[in-house]
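Step one of this worksheet: look at the structure below.
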There are 4 protein chains.
Amino acid sequence: MAETRRRDKAATRAALLEAARRRFAEHGYDGTGVRDIAADAGVDATLIFRYFGSKRELFAEAVHIEIPQGLGRDPRRGLASLTDELLGRVVFTDHGGPESEHPLLVMLRSTGRPEVRSRLRDQLCADYLADFSERFGADDARLRSELVGALLVGIGLMRSVVGSPALSEASFDQTRGLVAAMVTALQDDAPGERGAPPGRADGGPAPG
Amino acid sequence: MAETRRRDKAATRAALLEAARRRFAEHGYDGTGVRDIAADAGVDATLIFRYFGSKRELFAEAVHIEIPQGLGRDPRRGLASLTDELLGRVVFTDHGGPESEHPLLVMLRSTGRPEVRSRLRDQLCADYLADFSERFGADDARLRSELVGALLVGIGLMRSVVGSPALSEASFDQTRGLVAAMVTALQDDAPGERGAPPGRADGGPAPG
Amino acid sequence: MAETRRRDKAATRAALLEAARRRFAEHGYDGTGVRDIAADAGVDATLIFRYFGSKRELFAEAVHIEIPQGLGRDPRRGLASLTDELLGRVVFTDHGGPESEHPLLVMLRSTGRPEVRSRLRDQLCADYLADFSERFGADDARLRSELVGALLVGIGLMRSVVGSPALSEASFDQTRGLVAAMVTALQDDAPGERGAPPGRADGGPAPG
Amino acid sequence: MAETRRRDKAATRAALLEAARRRFAEHGYDGTGVRDIAADAGVDATLIFRYFGSKRELFAEAVHIEIPQGLGRDPRRGLASLTDELLGRVVFTDHGGPESEHPLLVMLRSTGRPEVRSRLRDQLCADYLADFSERFGADDARLRSELVGALLVGIGLMRSVVGSPALSEASFDQTRGLVAAMVTALQDDAPGERGAPPGRADGGPAPG
DNA sequence: TATGAATGAGAGTTCATTCAT
DNA sequence: CATGAATGAACTCTCATTCAT
């Protein structure tokens with residue numbers, strides 16, 4: 001692989017980007033050195049600066065997301081359908097290569113960086129969850145949509161970062177139904193029930 | 001305060017631990033220097049090595065969790081009650097001081113480190129989720145319990161790392177009802193429904 | 001020497017400063033590496049940053065001049081006397097150590113840096129030549145004073161940078177009389193003679 | 001201009017040389033990159049190595065001086081005339097283009113390089129000052145000739161490197177008369193006066 | 001011939017950590 | 001026991017230079 005790519009600018013750039021995504025996903029921003037990435041790509045580390053300017057810009061490009069336009073534009077699509085698609089697209093899928101992970105999950109390993117956190121917030125809340133918010137009628141629609149986001153991000157985290165056994169092994173089809181049930185419950189739950197924690201209902205103690 | 005701590009080994013150790021927890025929680029492992037921690041604690045940086053051996057060991061001790069024994073030992077406590085308690089204890093509460101965050105959330109900002117990931121897995125799945133698993137009757141009990149874990153971890157992440165607006169502002173009482181609804185749905189959902197994604201039911205396309 | 005200086009902050013700082021002055025004087029700013037300086041001083045290169053912050057600041061401190069107050073304050077002192085003192089102080093002398101050169105001459109080796117050039121200009125023209133300017137009555141007093149400066153700087157350059165044989169070998173006493181003659185001529189020369197180049201007087205061709 | 005130079009090897013070489021002279025004069029050897037020079041010349045940086053072999057050799061060629069034969073060959077020309085010509089030729093004039101500076105002044109900004117210093121010494125003392133030396137009868141003729149050199153080099157330095165205000169603004173005609181007076185004084189000054197510093201004569205203290 | 005992708009050495013700087021005092 | 005001076009390894013990034021096309 002390293003042999004056939006010599007003197008091919010586009011291929012070298014792509015190889016660096018892919019190696020960066022893998023390294024950043026695995027070890028986070030600070031745990032990854034430019035020499036590691038270059039070695040993985042089979043080229044000299046200098047090319048990172050030639051092609052991307054700096055490690056920061058390489059990271060930014062590596063986790064750049066092309067937001068799929070019109071994800072939830074069709075108003076007839078329901079909440080569960082939307083969730084299902086997002087679950088498949090972000091958490092369970094291959095993106096830009098057979099082994100890459102979704103940029104959102106890559107960023108999750110580098111949340112020590114303030115810039116990464118703000119990008120995460122922007123892309124997650126503004127880009128992805130906006131469509132969900134519209135589908136909740138309650139006045140706490142944003143909160144409910146962010147709970148959906150929390151569930152999806154949590155699943156991704158459990159699978160890729162934490163490596164929890166069951167979720168990591170589970171297939172998409174095994175998971176989608178359960179997730180749909182949880183999200184649907186969020187839609188059906190009447191706002192009035194808020195403040196009446198069911199914890200008490202079955203005899204448990206209040207948290208403290 | 002700096003005066004009363006002088007020559008008090010235990011107090012210095014505690015101050016270092018608290019400072020470390022705060023710094024690690026805010027900036028992650030790599031974003032935190034031993035000199036920062038020592039400066040916050042008002043002592044010399046060398047004491048970190050004297051008391052803890054290394055930065056790594058300080059981190060390990062800082063995120064050490066004393067698992068509350070018998071959390072779910074009472075078999076009469078239901079799933080929702082258990083979730084409610086965990087949500088309050090881990091995500092919404094103060095631990096070990098007015099400003100500290102729960103060790104699990106601290107670790108979430110340093111997930112680039114392999115050792116952090118394995119500790120996260122162990123503590124989360126083995127210690128916290130075991131009790132949940134028992135309360136699901138289905139054969140995919142572990143998967144369901146990890147979905148609860150994913151939801152809780154996701155909420156914590158959205159609040160403290162991502163800083164999503166609604167969840168960050170929401171009070172415990174505003175959140176607990178919605179979370180309970182989601183978890184209860186997970187309990188009620190029949191296993192047979194798996195594999196029949198409701199995404200199709202409302203006209204949406206299949207993911208892919 | 002390197003053995004007896006261990007664990008002595010002030011001595012280490014001084015050794016670094018002296019080594020820096022020598023290296024900068026010999027090879028200029030860009031030709032000198034922090035590791036070279038540290039090796040000369042017999043300490044680790046990191047201490048440069050510990051004590052001076054950066055290579056730039058080390059350089060600045062290395063070429064810092066304590067302008068001797070009241071150099072030409074005594075109005076009875078004549079031009080030649082002033083020149084004589086400056087010649088002895090800047091060009092022919094040891095400053096801050098047996099082998100150091102005057103900061104002005106050190107800077108002359110690093111004139112590629114814009115900051116160095118402006119510092120040179122400020123210190124030379126404002127600090128050193130101001131007193132000379134007052135002693136010329138003509139309306140081109142500044143020009144004449146800068147010619148004195150040019151002569152002195154040129155001598156220093158010939159001796160330390162160019163290494164011209166005669167000037168480098170000459171003693172202070174051998175040089176001072178000749179310099180005095182040149183400066184005195186500058187004082188006696190009537191302004192009216194300007195524009196009448198003496199080159200023509202002895203039959204030489206006009207330049208061009 | 002960029003169009004007419006295409007495929008013209010000689011013109012490209014000349015353009016590189018001119019750009020190099022300007023860059024080296026302005027920023028010194030270390031402050032100038034081969035890419036800067038090539039960009040100024042409008043060609044690829046590789047051509048520098050093709051045409052000149054290395055950056056060092058390009059610099060050497062850029063500051064190469066074609067010594068005008070027989071500068072002082074006419075024994076009837078006096079000292080002042082010679083000085084006047086040199087002042088006009090080296091310091092006050094354009095050489096090899098409207099904006100270039102004399103190679104001697106270019107070198108003055110790169111005096112950190114050892115090769116530059118030896119070239120400066122050779123060209124200055126051997127080529128330029130030899131004729132001056134012959135015109136001083138005293139046994140310290142070389143010393144006196146080097147003082148002339150020091151004055152001229154100092155003037156060049158003050159104008160182009162230091163940027164001292166008066167000398168930089170002064171015209172050739174304003175300067176030549178004063179310089180002539182200084183040089184003539186050097187000729188008239190009897191050798192016996194050496195060692196009797198006039199500093200004492202007007203009441204100033206001896207240096208030390 | 002001329003282009004530009006690729007290279008390796010070295011720059012300044014920061015870091016956790018150790019060792020005298 | 002505690003302080004802080006000292007250390008060495010690693011980092012990102014720039015540079016002149018070479019090689020393939």
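Letters A, B, ... go to the chains of the structure tokens in the order shown; residues in each chain start at 1; ligands are counted from 1 in the same order.
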Write out as a VMD selection string all residues of region 59-153 of chain B that backbone DSSP assigns to alpha helix (DSSP H). chain B and resid 59 to 62 79 to 86 103 to 108 114 to 121 130 to 135 141 to 153
Keeping C-alpha atoms for every residue in the selection just given, could you write it to a file as a PDB file, in the first residue's frame?
ATOM      1  CA  PHE B  59      -5.641  10.401  38.299  1.00  0.00           C
ATOM      2  CA  ALA B  60      -6.543   6.845  39.197  1.00  0.00           C
ATOM      3  CA  GLU B  61      -7.103   7.786  42.782  1.00  0.00           C
ATOM      4  CA  ALA B  62      -8.981  10.922  41.835  1.00  0.00           C
ATOM      5  CA  LEU B  79     -36.202  -0.604  37.771  1.00  0.00           C
ATOM      6  CA  ALA B  80     -37.462   2.940  37.699  1.00  0.00           C
ATOM      7  CA  SER B  81     -36.553   3.530  41.280  1.00  0.00           C
ATOM      8  CA  LEU B  82     -33.058   2.268  40.708  1.00  0.00           C
ATOM      9  CA  THR B  83     -32.605   4.431  37.646  1.00  0.00           C
ATOM     10  CA  ASP B  84     -33.910   7.399  39.483  1.00  0.00           C
ATOM     11  CA  GLU B  85     -31.399   6.950  42.223  1.00  0.00           C
ATOM     12  CA  LEU B  86     -28.500   6.493  39.868  1.00  0.00           C
ATOM     13  CA  PRO B 103     -15.736  10.300  38.752  1.00  0.00           C
ATOM     14  CA  LEU B 104     -17.569   8.707  35.882  1.00  0.00           C
ATOM     15  CA  LEU B 105     -18.074  12.111  34.329  1.00  0.00           C
ATOM     16  CA  VAL B 106     -14.496  13.039  35.041  1.00  0.00           C
ATOM     17  CA  MET B 107     -13.358  10.005  33.163  1.00  0.00           C
ATOM     18  CA  LEU B 108     -15.557  10.884  30.244  1.00  0.00           C
ATOM     19  CA  PRO B 114      -6.848   3.207  27.337  1.00  0.00           C
ATOM     20  CA  GLU B 115      -6.710   2.636  31.055  1.00  0.00           C
ATOM     21  CA  VAL B 116      -9.550   5.095  31.532  1.00  0.00           C
ATOM     22  CA  ARG B 117     -11.652   3.204  29.087  1.00  0.00           C
ATOM     23  CA  SER B 118     -11.183  -0.106  30.773  1.00  0.00           C
ATOM     24  CA  ARG B 119     -11.929   1.396  34.148  1.00  0.00           C
ATOM     25  CA  LEU B 120     -15.024   3.003  32.735  1.00  0.00           C
ATOM     26  CA  ARG B 121     -16.143  -0.335  31.362  1.00  0.00           C
ATOM     27  CA  ALA B 130     -25.364  -5.542  37.166  1.00  0.00           C
ATOM     28  CA  ASP B 131     -28.370  -4.801  39.324  1.00  0.00           C
ATOM     29  CA  PHE B 132     -30.282  -3.538  36.359  1.00  0.00           C
ATOM     30  CA  SER B 133     -29.612  -6.625  34.383  1.00  0.00           C
ATOM     31  CA  GLU B 134     -31.298  -8.752  36.961  1.00  0.00           C
ATOM     32  CA  ARG B 135     -34.463  -6.767  36.708  1.00  0.00           C
ATOM     33  CA  ALA B 141     -31.317  -8.429  29.736  1.00  0.00           C
ATOM     34  CA  ARG B 142     -27.713  -7.304  29.520  1.00  0.00           C
ATOM     35  CA  LEU B 143     -28.367  -5.371  26.360  1.00  0.00           C
ATOM     36  CA  ARG B 144     -31.305  -3.616  27.936  1.00  0.00           C
ATOM     37  CA  SER B 145     -29.363  -2.792  31.045  1.00  0.00           C
ATOM     38  CA  GLU B 146     -26.617  -1.321  28.952  1.00  0.00           C
ATOM     39  CA  LEU B 147     -29.144   0.800  27.154  1.00  0.00           C
ATOM     40  CA  VAL B 148     -30.112   2.233  30.512  1.00  0.00           C
ATOM     41  CA  GLY B 149     -26.454   2.849  31.140  1.00  0.00           C
ATOM     42  CA  ALA B 150     -26.093   4.458  27.759  1.00  0.00           C
ATOM     43  CA  LEU B 151     -28.959   6.790  28.536  1.00  0.00           C
ATOM     44  CA  LEU B 152     -27.549   7.803  31.897  1.00  0.00           C
ATOM     45  CA  VAL B 153     -24.009   8.236  30.611  1.00  0.00           C
TER      46      VAL B 153
END
For chain C versus chain F, which residues have an atom no more than 8 Å away, and what is each residue's nearest atom pair and distance in Å rounded to one decimal, using only C-alpha atoms (C1' of nucleotides), chain-then-number order, as a Markdown table?
| residue | atom | partner | partner_atom | distance |
| --- | --- | --- | --- | --- |
| C:Arg7 | CA | F:DA5 | C1' | 5.4 |
| C:Asp8 | CA | F:DA5 | C1' | 7.4 |
| C:Lys9 | CA | F:DA5 | C1' | 6.8 |
| C:Val43 | CA | F:DA6 | C1' | 8.0 |
| C:Asp44 | CA | F:DT7 | C1' | 6.7 |
| C:Leu47 | CA | F:DA6 | C1' | 7.8 |
Please identify every residue of chain B that has at least one atom no farther than 12 Å from an atom of chain E, counting only C-alpha atoms (C1' of nucleotides), and for each give the shortest atom pair and the distance in Å to one decimal, arranged by chain then increasing number, as CSV.
residue,atom,partner,partner_atom,distance
B:Asp30,CA,E:DC15,C1',10.4
B:Gly31,CA,E:DC15,C1',11.3
B:Thr32,CA,E:DC15,C1',10.7
B:Gly33,CA,E:DC15,C1',8.0
B:Val34,CA,E:DA16,C1',7.7
B:Arg35,CA,E:DA16,C1',9.7
B:Ala45,CA,E:DA16,C1',10.3
B:Thr46,CA,E:DT17,C1',8.7
B:Leu47,CA,E:DT17,C1',11.6
B:Ile48,CA,E:DT17,C1',10.5
B:Phe49,CA,E:DT17,C1',8.1
B:Arg50,CA,E:DT17,C1',11.0
B:Gly53,CA,E:DT17,C1',9.8
B:Ser54,CA,E:DT17,C1',8.2
B:Lys55,CA,E:DA16,C1',7.7
B:Arg56,CA,E:DA16,C1',10.2
Just want the 7 Å neighbourhood of Arg23 (chain C), counted on only C-alpha atoms (C1' of nucleotides), with same-chain residues fewer than 4 positions away dropped. Output as a count of residues only. 4
